[in-house]
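Chemist: Dumping the structure here so I can ask a few things about it.
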Amino acid sequence: MSHVTRLLSAWHRWWFVRIDPFILGLYRMCLGAFLLLYYLMLGPSWQKYYGVHGCSPAPLRAWADWRIPDSVYLYVGSEAGRWALYGLSVLCAVCLLCGRGGKWPLIWLWISNCSLMYANLAVANGEEQVLAVLLFYSVLLPLNAACRIPEG
């Protein structure tokens with residue numbers, strides 16, 4: 001076996017580790033349940049912290065306007081639109097919990113979570129950052145491989 005073949009084989013073993021699909025499904029369900037509870041707990045104070053007329057101080061809003069990455073919530077100027085994005089996030093968390101929707105619920109939840117980090121810097125803390133990292137890596141994993149609700 002040549003050195004290149006051994007190097008490529010080692011590279012493949014490092015990046016493509018075989019993982020039990022049950023563990024991935026369990027991780028997906030726990031992440032989905034956590035995100036569902038997270039968004040449901042945000043519900044009562046959604047307009048206060050992330051609404052159009054929320055409590056984000058003006059200097060922080062001005063700072064967020066030029067900074068990248070930007071928040072999806074800053075582009076939605078109506079309360080109904082922000083509630084619609086909230087409802088979409090709750091629906092995607094339920095889809096993630098049940099193993100439905102493929103990668104799209106994960107992608108939206110990552111976008112939404114990163115947007116929450118920058119929508120109101122006065123209330124952002126480490127939980128959004130940890131969730132953003134977990135969701136980013138979850139997009140790369142085959143999480144719908146096991147432990148999903150059967151169709152029909």
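Labels for the structure tokens follow display order: chains A, B, ..., residues from 1 in each chain, ligands from 1.
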Write out as a list in words which residues come within 7 Å of stretch 126-138 of chain A when counting only C-alpha atoms, dropping same-chain ones fewer than 4 positions away.
Modeler: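 Contacts, in chain order: Leu106, Trp110, Asn113, Cys114 and Met117 of chain A.
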Chemist: Atoms to include: C-alpha atoms. Write the selected residues as a PDB file, in the first residue's frame.
Modeler:
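Produced file out-v5.pdb, reproduced below:
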```pdb
ATOM      1  CA  LEU A 106     -32.147  22.591  10.867  1.00  0.00           C
ATOM      2  CA  TRP A 110     -29.649  27.869  12.596  1.00  0.00           C
ATOM      3  CA  ASN A 113     -30.867  31.295  16.210  1.00  0.00           C
ATOM      4  CA  CYS A 114     -28.033  33.339  14.706  1.00  0.00           C
ATOM      5  CA  MET A 117     -28.112  36.668  18.688  1.00  0.00           C
TER       6      MET A 117
END
```
Chemist: Using only C-alpha atoms, pick whichever of A:Leu140, A:Trp83, A:Ser78, A:Leu97 has the shortest atom-to-atom distance to A:Phe16.
Modeler: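 Selected residue with least distance to A:Phe16: A:Leu140.
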Chemist: List the spatial neighbours of A:Pro142 as a list in words - criterion: any atom at most 12 Å away, only C-alpha atoms, same-chain residues fewer than 5 positions off excluded.
Modeler: Phe16, Arg18, Ile19, Asp20, Pro21, Phe22, Ile23, Leu24, Gly25, Tyr27, Arg28, Gly99, Gly102, Lys103, Leu106, Tyr137 and Cys147 of chain A
Chemist: Please produce a file of those selected residues containing N, CA, C and O atoms, as a PDB file, in the first residue's frame.
Modeler:
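Below is the file selection_38.pdb, written as the result:
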```pdb
ATOM      1  N   PHE A  16     -14.937  10.587   8.395  1.00  0.00           N
ATOM      2  CA  PHE A  16     -16.157   9.831   8.162  1.00  0.00           C
ATOM      3  C   PHE A  16     -16.242   8.656   9.130  1.00  0.00           C
ATOM      4  O   PHE A  16     -16.235   7.498   8.743  1.00  0.00           O
ATOM      5  N   ARG A  18     -17.881   6.064  11.540  1.00  0.00           N
ATOM      6  CA  ARG A  18     -19.180   5.387  11.584  1.00  0.00           C
ATOM      7  C   ARG A  18     -19.828   5.663  12.938  1.00  0.00           C
ATOM      8  O   ARG A  18     -19.246   5.411  13.981  1.00  0.00           O
ATOM      9  N   ILE A  19     -21.044   6.185  12.877  1.00  0.00           N
ATOM     10  CA  ILE A  19     -21.789   6.525  14.092  1.00  0.00           C
ATOM     11  C   ILE A  19     -23.085   5.736  14.075  1.00  0.00           C
ATOM     12  O   ILE A  19     -23.745   5.625  13.034  1.00  0.00           O
ATOM     13  N   ASP A  20     -23.450   5.201  15.211  1.00  0.00           N
ATOM     14  CA  ASP A  20     -24.694   4.462  15.341  1.00  0.00           C
ATOM     15  C   ASP A  20     -25.868   5.401  15.045  1.00  0.00           C
ATOM     16  O   ASP A  20     -25.992   6.464  15.660  1.00  0.00           O
ATOM     17  N   PRO A  21     -26.755   5.049  14.094  1.00  0.00           N
ATOM     18  CA  PRO A  21     -27.882   5.920  13.771  1.00  0.00           C
ATOM     19  C   PRO A  21     -28.817   6.159  14.955  1.00  0.00           C
ATOM     20  O   PRO A  21     -29.449   7.206  15.046  1.00  0.00           O
ATOM     21  N   PHE A  22     -28.897   5.209  15.881  1.00  0.00           N
ATOM     22  CA  PHE A  22     -29.747   5.405  17.055  1.00  0.00           C
ATOM     23  C   PHE A  22     -29.249   6.587  17.887  1.00  0.00           C
ATOM     24  O   PHE A  22     -30.044   7.400  18.367  1.00  0.00           O
ATOM     25  N   ILE A  23     -27.934   6.708  18.042  1.00  0.00           N
ATOM     26  CA  ILE A  23     -27.369   7.809  18.817  1.00  0.00           C
ATOM     27  C   ILE A  23     -27.647   9.140  18.119  1.00  0.00           C
ATOM     28  O   ILE A  23     -27.986  10.132  18.762  1.00  0.00           O
ATOM     29  N   LEU A  24     -27.517   9.156  16.791  1.00  0.00           N
ATOM     30  CA  LEU A  24     -27.820  10.374  16.050  1.00  0.00           C
ATOM     31  C   LEU A  24     -29.298  10.750  16.181  1.00  0.00           C
ATOM     32  O   LEU A  24     -29.641  11.917  16.328  1.00  0.00           O
ATOM     33  N   GLY A  25     -30.167   9.744  16.118  1.00  0.00           N
ATOM     34  CA  GLY A  25     -31.594  10.016  16.279  1.00  0.00           C
ATOM     35  C   GLY A  25     -31.918  10.513  17.676  1.00  0.00           C
ATOM     36  O   GLY A  25     -32.734  11.422  17.851  1.00  0.00           O
ATOM     37  N   TYR A  27     -29.828  12.128  19.636  1.00  0.00           N
ATOM     38  CA  TYR A  27     -29.305  13.500  19.681  1.00  0.00           C
ATOM     39  C   TYR A  27     -30.270  14.469  19.000  1.00  0.00           C
ATOM     40  O   TYR A  27     -30.549  15.544  19.512  1.00  0.00           O
ATOM     41  N   ARG A  28     -30.821  14.063  17.833  1.00  0.00           N
ATOM     42  CA  ARG A  28     -31.764  14.914  17.109  1.00  0.00           C
ATOM     43  C   ARG A  28     -33.020  15.178  17.938  1.00  0.00           C
ATOM     44  O   ARG A  28     -33.495  16.301  18.016  1.00  0.00           O
ATOM     45  N   GLY A  99     -38.280  14.196  13.399  1.00  0.00           N
ATOM     46  CA  GLY A  99     -37.462  13.656  12.321  1.00  0.00           C
ATOM     47  C   GLY A  99     -38.044  13.875  10.947  1.00  0.00           C
ATOM     48  O   GLY A  99     -37.817  13.097  10.033  1.00  0.00           O
ATOM     49  N   GLY A 102     -36.267  16.783   6.685  1.00  0.00           N
ATOM     50  CA  GLY A 102     -34.887  16.728   6.211  1.00  0.00           C
ATOM     51  C   GLY A 102     -33.999  17.775   6.873  1.00  0.00           C
ATOM     52  O   GLY A 102     -34.052  17.983   8.079  1.00  0.00           O
ATOM     53  N   LYS A 103     -33.202  18.424   6.057  1.00  0.00           N
ATOM     54  CA  LYS A 103     -32.257  19.424   6.567  1.00  0.00           C
ATOM     55  C   LYS A 103     -32.884  20.805   6.722  1.00  0.00           C
ATOM     56  O   LYS A 103     -32.336  21.658   7.411  1.00  0.00           O
ATOM     57  N   LEU A 106     -33.433  22.267  10.248  1.00  0.00           N
ATOM     58  CA  LEU A 106     -32.147  22.591  10.867  1.00  0.00           C
ATOM     59  C   LEU A 106     -31.565  23.878  10.312  1.00  0.00           C
ATOM     60  O   LEU A 106     -31.044  24.708  11.055  1.00  0.00           O
ATOM     61  N   TYR A 137     -23.275  22.225  13.195  1.00  0.00           N
ATOM     62  CA  TYR A 137     -22.738  20.879  13.030  1.00  0.00           C
ATOM     63  C   TYR A 137     -23.836  19.857  12.790  1.00  0.00           C
ATOM     64  O   TYR A 137     -23.611  18.842  12.126  1.00  0.00           O
ATOM     65  N   CYS A 147     -34.885   6.811  14.614  1.00  0.00           N
ATOM     66  CA  CYS A 147     -35.743   7.378  15.676  1.00  0.00           C
ATOM     67  C   CYS A 147     -36.660   8.460  15.135  1.00  0.00           C
ATOM     68  O   CYS A 147     -36.747   9.549  15.694  1.00  0.00           O
TER      69      CYS A 147
END
```
Chemist: Excluding same-chain residues fewer than 5 positions from A:Tyr73, what lies within 9 Å of it counting only C-alpha atoms, as a list in words?
Modeler: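 Within the cut-off, the hits are Tyr50, Gly51, Val52, Gly81, Arg82, Leu85, Ser112, Ser115, Leu116, Tyr118 and Ala119 of chain A.
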Chemist: Sorted by chain and rising residue number, which residues of stretch 65-148 of chain A lie within 7 Å of stretch 34-44 of chain A, and what are their closest atom pairs and distances in Å to one decimal, counting only C-alpha atoms, as a Markdown table?
Modeler:
```
| residue | atom | partner | partner_atom | distance |
| --- | --- | --- | --- | --- |
| A:Val90 | CA | A:Leu36 | CA | 6.0 |
| A:Ala93 | CA | A:Leu36 | CA | 5.1 |
| A:Val94 | CA | A:Leu36 | CA | 6.5 |
```
Chemist: Could you dump the residues just selected with all heavy atoms as a short mmCIF file (atom, residue, chain, number, x, y, z; two decimals), in the first residue's frame?
Modeler:
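What follows is the written file result_5.cif:
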```cif
data_model
loop_
_atom_site.label_atom_id
_atom_site.label_comp_id
_atom_site.auth_asym_id
_atom_site.auth_seq_id
_atom_site.Cartn_x
_atom_site.Cartn_y
_atom_site.Cartn_z
N VAL A 90 -40.93 27.49 15.80
CA VAL A 90 -41.58 26.45 16.62
C VAL A 90 -41.92 25.24 15.77
O VAL A 90 -41.67 24.09 16.17
CB VAL A 90 -42.83 27.01 17.33
CG1 VAL A 90 -43.63 25.91 17.99
CG2 VAL A 90 -42.44 28.07 18.35
N ALA A 93 -38.81 23.30 15.03
CA ALA A 93 -38.36 22.55 16.20
C ALA A 93 -39.18 21.27 16.36
O ALA A 93 -38.63 20.21 16.70
CB ALA A 93 -38.46 23.41 17.46
N VAL A 94 -40.48 21.34 16.09
CA VAL A 94 -41.32 20.14 16.14
C VAL A 94 -40.91 19.16 15.05
O VAL A 94 -40.81 17.95 15.29
CB VAL A 94 -42.82 20.52 16.03
CG1 VAL A 94 -43.69 19.29 15.84
CG2 VAL A 94 -43.26 21.30 17.25
#
```
Chemist: Taking only C-alpha atoms into account, which of A:Val76, A:Ala10, A:Val123, A:Leu109 comes nearest A:Lys48?
Modeler: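 With only C-alpha atoms as the atom set, the closest residue is A:Val123.
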Chemist: Ranking A:Ile111, A:Ser89, A:Ala84, A:Cys95 by minimum distance to A:Val72 and counting only C-alpha atoms, which one comes first?
Modeler: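 Of A:Ile111, A:Ser89, A:Ala84, A:Cys95, the one nearest A:Val72 is A:Ile111, counting only C-alpha atoms.
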Chemist: Which is closest to A:Asn144 among A:Tyr86, A:Trp14, A:Tyr49, A:Trp104, if we use only C-alpha atoms?
Modeler: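 Checking each of A:Tyr86, A:Trp14, A:Tyr49, A:Trp104 against A:Asn144, counting only C-alpha atoms, the winner is A:Trp104.
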Chemist: Work out how far atom CA of A:Pro105 is from atom CA of A:Met29, in Å to one decimal.
Modeler: 12.8 Å
Chemist: Just list the residues in chain A DSSP gives alpha helix (DSSP H) on the backbone, as a ChimeraX atom specification.
Modeler: /A:3-15,21-42,46-50,58-66,79-98,104-119,126-140
Chemist: Check the smallest atom-to-atom distance from each of A:Tyr75, A:Cys92, A:Asn120, A:Leu141 to A:Gln47 using only C-alpha atoms, then report the winner.
Modeler: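 Counting only C-alpha atoms, the residue closest to A:Gln47 is A:Asn120.
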Chemist: I'd like the interatomic distance between atom CA of A:Trp108 and atom CA of A:Leu88, to a tenth of an Å.
Modeler: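 Atom-to-atom, atom CA of A:Trp108 to atom CA of A:Leu88, that is 8.4 Å.
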Chemist: Considering only C-alpha atoms, can you say which of A:Leu74, A:Val4, A:Asn125, A:Cys98 comes closest to A:Leu26?
Modeler: A:Cys98
Chemist: Enter the distance from atom CA of A:Ala124 to atom CA of A:Gly101, in Å, rounded to one decimal.
Modeler: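 Between atom CA of A:Ala124 and atom CA of A:Gly101 the gap works out to 28.3 Å.
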